[in-house]
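Worksheet: one structure, shown below.
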Amino acid sequence: MFYETKNRYDVLTGVQVARWAGHIVSVDGRPAVVAGMTIVPNIDMGLLQGTPNLLLSITYIDEEFISQIGRSLLLPDLALGQTPIQGAVSEPFLSDDGVQEGYLSWTSRQPGRVLLTIILPLVALGVILTWLLSKIMFGRLKRASAALAQREFEARHEAKHDALSGLPNRGHMVDKIEKFLNSYIARRNGQRALSAYIDIDRFKDVNDTLGHEAGDELIKLVAHRLSTRLRPNDFLARFGGDEFVILCAPAGTEAGESLIERIQEAFQSPYVIKGQTLNVTASVGLAVAPDNGSTADELMRHADIALYEAKSQGRDRAIYFNAKMAEEVEHRRSIELDLRAAMENEELDLHYQPVISCSTGAVVGVEALLRWQHPLYGSMPPAEFIPVAENAGLLPAIGEWVLDRAMTDAKLWPDLEVAVNLSPVQFRHVGLEAMLQRLIVKHAAEPNRFVLEITEGVLLEATDRVNMILDAIREMGFKTALDDFGTGYSSLSYLCNFQFDKIKIDRSFINSISRVDTTRTIIKSVVTLGRSLGMSIVAEGIETPYEAAMMTRFGCTELQGFYFARPLPVEELMNFLETYEPRVPDIEPGLPQAVAGDGLAS
């Protein structure tokens with residue numbers, strides 16, 4: 001059957017008449033594959049004439065031919081030789097004509113040998129690579145999981161801690177207070193908790209004078225000092241800004257005094273920031289739970305009220321909360337809200353008090369004084385709302401408004417000097433020089449017409465910045481006056497160390513010149529020193545002819561007080577200036593001659 005099939009060319013081409021055949025025979029003594037095929041037309045057999053031609057192909061079975069057959073059969077050592085090979089499988093190689101051409105020899109492989117030598121190593125390599133890849137993937141997953149857990153931990157930590165100081169924040173502290181107040185043990189045993197609200201005094205001044213970086217450094221240093229003074233039952237947190245809170249829970253009867261002492265210790269030694277030594281103080285408000293509150297919000301609000309009271313009483317002290325404070329604080333906060341509204345609605349006003357020359361009796365200047373007509377309480381004295389403005393951080397804005405308004409009004413009396421008070425907070429504000437320069441340009445003002453009055457509180461810390469600002473004010477052309485001399489921390493060294501154009505003697509000295517001999521001696525000494533330094537001397541609070549005459553005899557150059565005029569609105573001041581008749585203060589008849597002659601000629 002096979003023979004018939006291979007002799008039919010139609011199996012290959014579909015042609016019915018062509019024939020072919022192939023055999024292994026010996027050609028010239030060498031085995032070869034001989035194939036033959038008739039050459040006939042493929043389409044029209046009528047073209048065939050005579051006997052068809054025959055195409056022969058002879059391929060010798062040599063070493064290369066056998067190697068190709070061996071490779072195709074996966075028998076790399078297949079060979080054709082004349083004799084059998086020892087240790088190999090050998091079979092006689094017979095041609096189609098029955099002649100033995102030699103022996104085919106090859107090495108017999110064991111079953112599965114290819115699997116063991118080729119496929120299995122590849123599988124093993126794949127397994128190893130898969131293991132390595134899995135290990136890498138699991139390692140990455142493990143690291144990603146650890147990083148995610150770390151980020152989650154850090155996020156939780158950041159959510160409960162202050163970034164600058166590293167201390168727990170407000171939310172963390174509130175949770176701590178709530179857990180203690182709600183704990184069964186605390187309620188069953190009647191345990192108390194003490195909350196201390198701490199605020200750094202005049203922290204804004206540090207930011208304004210040294211910059212916010214110095215303020216941040218101060219926060220860190222204060223946080224560190226407070227942390228080193230904690231006890232096992234204490235919990236310290238930063239509430240933001242310059243505010244800290246210490247919770248003692250549970251707190252015994254002596255916990256409050258002990259905590260106050262430890263807080264004070266943290267502020268006893270100076271802080272060194274940017275090469276400058278700062279004496280920093282703190283105000284503390286304390287509240288006790290459950291006496292002053294059964295919730296965290298209530299307890300902290302009452303501690304905050306006590307802190308507000310501590311600041312109102314002069315700072316650098318610790319105050320316990322009581323019910324009366326809440327009423328007072330609510331009143332002050334109401335004043336603060338009304339004051340902010342008054343600033344927005346232009347409800348503040350300036351009154352001006354005339355300043356009289358001792359030598360001519362004429363009006364030589366006016367002092368601008370802030371006034372506020374409260375819609376509920378009526379005319380409110382500055383002594384009541386200025387501290388509120390200072391605590392609320394409104395003084396720089398109010399001070400700028402006063403200067404702006406004074407320069408506007410000063411155009412109505414071009415021949416008079418105008419005195420304007422600068423508060424210590426405003427004086428230390430970083431933008432003071434730029435603000436003054438801006439107002440000069442805005443109003444085309446003459447700076448030498450304006451006297452900037454500075455209280456002694458500004459000079460307590462004679463820093464380089466204080467001297468620099470004073471120099472800048474003088475370079476702009478403004479005059480300066482040392483206000484309320486004789487009160488607080490008065491020192492004659494101020495007159496020598498700082499260049500002022502004027503000294504204003506406080507009214508407390510004026511009121512006692514008729515009763516206290518030492519007062520007259522002090523006034524004469526101040527007048528003598530001031531005038532020898534080329535300064536004008538202004539006596540404030542003159543209310544009687546006697547006081548006017550005495551201060552004139554003592555050598556004062558200018559007088560100011562109710563004896564001449566109260567602070568007046570702009571319209572009334574204009575009327576006063578038009579109708580005022582100058583008069584030189586003098587000793588009235590009947591005054592004791594010892595007193596009358598006890599003075600300095602003006």
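Labels for the structure tokens follow display order: chains A, B, ..., residues from 1 in each chain, ligands from 1.
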
If you run DSSP on the backbone here, which positions in segment 74-293 of chain A get helix (DSSP H, G or I)? Please write them as a PyMOL selection string. chain A and resi 113-160+170-182+184-189+203-210+212-227+255-266

Ser269 of chain A surroundings by only C-alpha atoms, 12 Å radius, close-in-sequence under 6 positions cut, as a PyMOL selection string: chain A and resi 221-222+225+263+277-281

Residues at most 8 Å from Leu80 of chain A, counting only C-alpha atoms, excluding those fewer than 4 positions away in the same chain, as a short mmCIF file (atom, residue, chain, number, x, y, z; two decimals) with C-alpha atoms, in the first residue's frame?
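Once everything was written out, this is part08.cif:
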data_model
loop_
_atom_site.label_atom_id
_atom_site.label_comp_id
_atom_site.auth_asym_id
_atom_site.auth_seq_id
_atom_site.Cartn_x
_atom_site.Cartn_y
_atom_site.Cartn_z
CA ASP A 62 27.39 10.55 4.52
CA GLU A 63 28.34 11.71 8.00
CA ILE A 66 23.38 10.97 9.36
CA GLY A 102 27.15 -0.86 7.30
CA TYR A 103 25.83 -0.43 10.79
CA LEU A 104 23.75 2.38 12.33
CA SER A 105 24.94 2.91 15.89
#

With a distance cut-off of 12 Å and only C-alpha atoms, select the neighbouring residues of Arg170 of chain A, excluding the residue or stretch itself and same-chain residues fewer than 6 positions from it, and output the selection as a list in words.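 Everything that qualifies: Glu158, Ala159, Lys160, His161, Asp162, Lys176, Ile177, Tyr197, Phe235, Leu236, Ala237, Arg238, Phe239, Gly240, Gly241, Glu243, Phe244, Val245, Ile246, Leu247, Ala296, Asp297 and Met300 of chain A.
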
For the residues in the current selection, export C-alpha atoms as a tab-separated table (two decimals), in the first residue's frame.
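The file below, again-v3.tsv, is the result:
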chain	number	residue	atom	x	y	z
A	158	GLU	CA	0.53	64.47	64.87
A	159	ALA	CA	-3.22	64.65	65.38
A	160	LYS	CA	-2.67	64.64	69.14
A	161	HIS	CA	0.59	66.63	69.38
A	162	ASP	CA	1.82	70.12	68.62
A	176	LYS	CA	-7.34	63.43	79.00
A	177	ILE	CA	-9.58	65.65	81.14
A	197	TYR	CA	-3.78	77.70	82.12
A	235	PHE	CA	0.04	66.22	81.98
A	236	LEU	CA	1.36	69.15	79.92
A	237	ALA	CA	-0.11	70.35	76.62
A	238	ARG	CA	0.25	73.35	74.33
A	239	PHE	CA	-3.04	75.00	73.46
A	240	GLY	CA	-1.59	77.10	70.65
A	241	GLY	CA	0.17	80.45	70.44
A	243	GLU	CA	-0.62	79.17	75.87
A	244	PHE	CA	0.11	75.99	77.81
A	245	VAL	CA	-2.03	73.88	80.13
A	246	ILE	CA	-0.95	71.56	82.94
A	247	LEU	CA	-3.46	69.03	84.29
A	296	ALA	CA	-13.37	69.59	80.07
A	297	ASP	CA	-14.87	72.56	78.23
A	300	MET	CA	-10.82	75.05	80.71

As a PDB file with C-alpha atoms, in the first residue's frame, please: the residues near Cys358 of chain A (cut-off 12 Å, only C-alpha atoms, same-chain neighbours under 3 positions excluded).
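Below is the file result_26.pdb, written as the result:
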ATOM      1  CA  VAL A 355      -1.064 123.245  76.339  1.00  0.00           C
ATOM      2  CA  GLY A 361       0.229 132.351  78.626  1.00  0.00           C
ATOM      3  CA  ALA A 362      -0.673 131.562  75.012  1.00  0.00           C
ATOM      4  CA  VAL A 363      -1.777 128.184  73.656  1.00  0.00           C
ATOM      5  CA  VAL A 364       1.299 126.584  72.091  1.00  0.00           C
ATOM      6  CA  SER A 536      11.081 121.647  77.864  1.00  0.00           C
ATOM      7  CA  ILE A 537       9.202 120.839  81.085  1.00  0.00           C
ATOM      8  CA  VAL A 538       5.435 120.288  80.908  1.00  0.00           C
ATOM      9  CA  ALA A 539       3.368 120.121  84.101  1.00  0.00           C
ATOM     10  CA  ALA A 548      -0.181 126.956  87.796  1.00  0.00           C
ATOM     11  CA  ALA A 549       1.760 129.688  89.556  1.00  0.00           C
ATOM     12  CA  MET A 550       3.977 127.317  91.544  1.00  0.00           C
ATOM     13  CA  MET A 551       4.930 125.203  88.546  1.00  0.00           C
ATOM     14  CA  THR A 552       5.734 128.375  86.638  1.00  0.00           C
ATOM     15  CA  ARG A 553       7.959 129.580  89.500  1.00  0.00           C
ATOM     16  CA  PHE A 554       9.674 126.169  89.626  1.00  0.00           C
ATOM     17  CA  GLY A 555      10.781 126.648  86.024  1.00  0.00           C
ATOM     18  CA  CYS A 556       8.281 124.679  83.989  1.00  0.00           C
ATOM     19  CA  THR A 557       7.917 125.867  80.415  1.00  0.00           C
ATOM     20  CA  GLU A 558       4.395 124.610  79.657  1.00  0.00           C
ATOM     21  CA  LEU A 559       1.242 123.815  81.617  1.00  0.00           C
ATOM     22  CA  GLN A 560      -1.713 121.571  80.926  1.00  0.00           C
ATOM     23  CA  PRO A 582      -3.547 134.547  77.122  1.00  0.00           C
ATOM     24  CA  ARG A 583      -2.618 135.091  80.771  1.00  0.00           C
ATOM     25  CA  VAL A 584       0.696 134.422  82.459  1.00  0.00           C
ATOM     26  CA  PRO A 585       0.318 132.291  85.618  1.00  0.00           C
ATOM     27  CA  ASP A 586       1.531 134.130  88.730  1.00  0.00           C
ATOM     28  CA  ALA A 601      12.734 131.995  87.845  1.00  0.00           C
ATOM     29  CA  SER A 602      11.243 131.000  84.548  1.00  0.00           C
TER      30      SER A 602
END

Taking only C-alpha atoms into account, produce a table as CSV in which each residue of segment 401-431 of chain A with an atom at most 12 Å from an atom of segment 342-347 of chain A appears once, together with its shortest atom pair and the distance in Å to one decimal, ordered by chain and rising number.
residue,atom,partner,partner_atom,distance
A:Trp401,CA,A:Met343,CA,8.9
A:Val402,CA,A:Met343,CA,11.1
A:Arg405,CA,A:Glu346,CA,11.0

As a list in words, please: the residues near Asp201 of chain A (cut-off 9 Å, only C-alpha atoms, same-chain neighbours under 4 positions excluded). Asp205, Asp242, Val280, Thr281, Ala282, Ser283, Lys311, Arg315 and Asp316 of chain A

If we count only C-alpha atoms, what is near Arg371 of chain A at a cut-off of 9 Å, once residues fewer than 5 positions away on the same chain are taken out, given as a list in words? Leu348, Asp349, Leu350, His351, Ser379, Met380, Pro381 and Pro382 of chain A

Hey, can you spit out that residue selection with C-alpha atoms as an mmCIF file, in the first residue's frame?
data_model
loop_
_atom_site.group_PDB
_atom_site.id
_atom_site.type_symbol
_atom_site.label_atom_id
_atom_site.label_comp_id
_atom_site.auth_asym_id
_atom_site.auth_seq_id
_atom_site.Cartn_x
_atom_site.Cartn_y
_atom_site.Cartn_z
ATOM 1 C CA LEU A 348 -13.983 106.475 68.195
ATOM 2 C CA ASP A 349 -13.148 110.157 68.549
ATOM 3 C CA LEU A 350 -10.277 112.442 69.528
ATOM 4 C CA HIS A 351 -10.498 115.303 71.993
ATOM 5 C CA SER A 379 -18.624 108.110 77.775
ATOM 6 C CA MET A 380 -16.104 105.407 78.658
ATOM 7 C CA PRO A 381 -12.723 106.538 80.057
ATOM 8 C CA PRO A 382 -9.625 105.238 78.286
#

One-decimal distance in Å that lies between atom CA of Ala266 of chain A and atom CA of Leu226 of chain A: 6.0 Å

Taking only residues of segment 189-246 of chain A that have an atom at most 12 Å from an atom of segment 431-449 of chain A, what is each one's shortest atom pair and its distance in Å to one decimal, using only C-alpha atoms, in chain and number order, as CSV?
residue,atom,partner,partner_atom,distance
A:Asn207,CA,A:Gly431,CA,11.9
A:Asp208,CA,A:Gly431,CA,8.4
A:Thr209,CA,A:Gly431,CA,9.8
A:Gly211,CA,A:Gly431,CA,11.8

Writing out the chosen residues with C-alpha atoms as a PDB file, in the first residue's frame:
ATOM      1  CA  ASN A 207       7.474  88.429  67.961  1.00  0.00           C
ATOM      2  CA  ASP A 208       7.266  92.112  67.078  1.00  0.00           C
ATOM      3  CA  THR A 209      10.780  93.014  68.241  1.00  0.00           C
ATOM      4  CA  GLY A 211      10.727  88.171  64.874  1.00  0.00           C
TER       5      GLY A 211
END

Between A:Val570, A:Arg262, A:His212, A:Ile510, which is the closest to Thr228 of chain A once you count only C-alpha atoms?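 Using only C-alpha atoms, the shortest distance to Thr228 of chain A belongs to A:Arg262.
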
DSSP-assigned strand (DSSP E) among segment 74-165 of chain A, expressed as a list in words: Ala79, Leu80, Gly81, Val89, Ser90, Glu91, Pro92, Phe93, Leu94, Gln100, Glu101, Gly102, Tyr103, Leu104, Ser105 and Trp106 of chain A

Mind giving me the straight-line distance from atom CA of Gly98 of chain A to atom CA of Leu75 of chain A in Å, one decimal?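 Separation of atom CA of Gly98 of chain A and atom CA of Leu75 of chain A: 25.5 Å.
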